[in-house]
Amino acid sequence: MSIKRFEGTGRMSRVVKHKDTIYLCGQTCGEGDIIEQTKGVLAKVEELLENYGSDKKHILSVTIYLRDMKDFEQMNSVWDAWVEEGHEPARACVEARLAREHLLVEMSVVAAEK
């Protein structure tokens with residue numbers, strides 16, 4: 001099997017690669033409002049993908065967790081400016097109680113290698 005795990009914490013790996021697929025653990029950014037947190041999360045996603053052989057054009061799917069669906073439109077305003085036309089991934093967005101009270105958004109990403 002060709003499973004590689006990176007940046008493990010003893011509880012989880014930040015990145016897992018299996019063959020040509022890259023899985024990112026849920027990415028969060030705990031500072032600011034929904035706009036700032038969404039921008040921070042997407043910056044982390046881009047950095048991790050670049051570090052492990054991919055980029056946002058190769059994202060296959062994203063699951064977005066929002067603390068409150070009232071933030072859906074504002075989150076989407078950042079998302080829509082970030083995602084490139086013709087490279088939109090499959091996506092789900094759900095309301096969820098996140099691990100810490102100050103977290104407003106979390107994203108879990110699956111991408112192909114470049």
# chains A, B, ... in the order shown; residues from 1 in each chain; ligands from 1
>>> select_by_dssp(residues="chain A", states="helix (DSSP H, G or I)", output="MDAnalysis selection string")
chainID A and resid 34:51 56:58 69:82
>>> residues_around(residues="Gly40 (chain A)", least_positions_apart="5", cutoff="9 Å", atoms="only C-alpha atoms", output="list in words")
Thr28, Cys29, Gly30, Glu31, Ile35 and Val45 of chain A
>>> write_last_selection(atoms="C-alpha atoms", output="JSON list (two decimals), in the first residue's frame")
[["chain", "number", "residue", "atom", "x", "y", "z"],
["A", 28, "THR", "CA", -9.59, 26.18, 10.63],
["A", 29, "CYS", "CA", -8.55, 29.74, 11.39],
["A", 30, "GLY", "CA", -9.64, 31.02, 14.77],
["A", 31, "GLU", "CA", -9.24, 34.75, 14.31],
["A", 35, "ILE", "CA", -14.79, 36.58, 6.10],
["A", 45, "VAL", "CA", -5.42, 24.90, 2.18]]
>>> residues_around(residues="region 66-79 of chain A", least_positions_apart="3", cutoff="10 Å", atoms="only C-alpha atoms", output="JSON, numbers by chain")
{"A": [33, 34, 35, 36, 37, 38, 39, 42, 63, 82, 83, 84, 93, 94, 95, 96, 97, 98, 99, 100, 101, 102, 103, 104, 105, 106, 107]}
>>> select_by_dssp(residues="chain A", states="strand (DSSP E or B)", output="CSV table (one decimal) with C-alpha atoms, in the first residue's frame")
chain,number,residue,atom,x,y,z
A,3,ILE,CA,-0.2,5.5,2.2
A,4,LYS,CA,2.0,8.3,3.6
A,5,ARG,CA,1.1,10.3,6.6
A,6,PHE,CA,2.5,13.8,7.3
A,7,GLU,CA,2.5,16.2,10.3
A,8,GLY,CA,1.1,13.6,12.7
A,13,SER,CA,-2.3,13.5,10.5
A,14,ARG,CA,-2.5,16.9,8.9
A,15,VAL,CA,-2.0,15.4,5.5
A,16,VAL,CA,-2.4,11.9,4.1
A,17,LYS,CA,-1.4,10.8,0.6
A,18,HIS,CA,-2.7,7.6,-1.0
A,21,THR,CA,-4.8,11.6,-3.9
A,22,ILE,CA,-4.1,14.1,-1.0
A,23,TYR,CA,-6.4,14.3,2.0
A,24,LEU,CA,-6.2,17.3,4.3
A,25,CYS,CA,-7.6,17.3,7.8
A,26,GLY,CA,-10.1,19.9,8.7
A,27,GLN,CA,-8.6,23.3,8.3
A,28,THR,CA,-9.6,26.2,10.6
A,59,ILE,CA,-9.1,19.9,-5.6
A,60,LEU,CA,-11.6,17.1,-6.1
A,61,SER,CA,-14.0,17.8,-3.2
A,62,VAL,CA,-14.5,20.0,-0.1
A,63,THR,CA,-16.7,19.6,2.9
A,64,ILE,CA,-17.4,23.0,4.5
A,65,TYR,CA,-18.6,23.1,8.1
A,66,LEU,CA,-20.2,26.3,9.3
A,90,ALA,CA,-17.5,18.9,-5.7
A,91,ARG,CA,-18.7,20.5,-2.5
A,92,ALA,CA,-20.9,20.1,0.5
A,93,CYS,CA,-21.7,22.6,3.2
A,94,VAL,CA,-23.3,21.8,6.5
A,95,GLU,CA,-24.0,23.5,9.8
A,105,VAL,CA,-15.8,27.6,9.6
A,106,GLU,CA,-13.8,24.4,8.9
A,107,MET,CA,-12.9,22.8,5.6
A,108,SER,CA,-11.9,19.3,4.8
A,109,VAL,CA,-10.3,18.9,1.4
A,110,VAL,CA,-9.5,16.0,-1.0
A,111,ALA,CA,-7.2,16.8,-4.0
A,112,ALA,CA,-5.3,15.1,-6.8
>>> closest_residue(among="A:Glu46, A:Asn51, A:Met1, A:Gly32", to="Lys19 (chain A)", atoms="only C-alpha atoms")
A:Met1
>>> closest_residue(among="A:Lys114, A:His87, A:Arg11, A:Lys56", to="Lys44 (chain A)", atoms="only C-alpha atoms")
A:Lys56
>>> atom_distance(atom1="CA of Val41 (chain A)", atom2="CA of Asp55 (chain A)")
14.3 Å
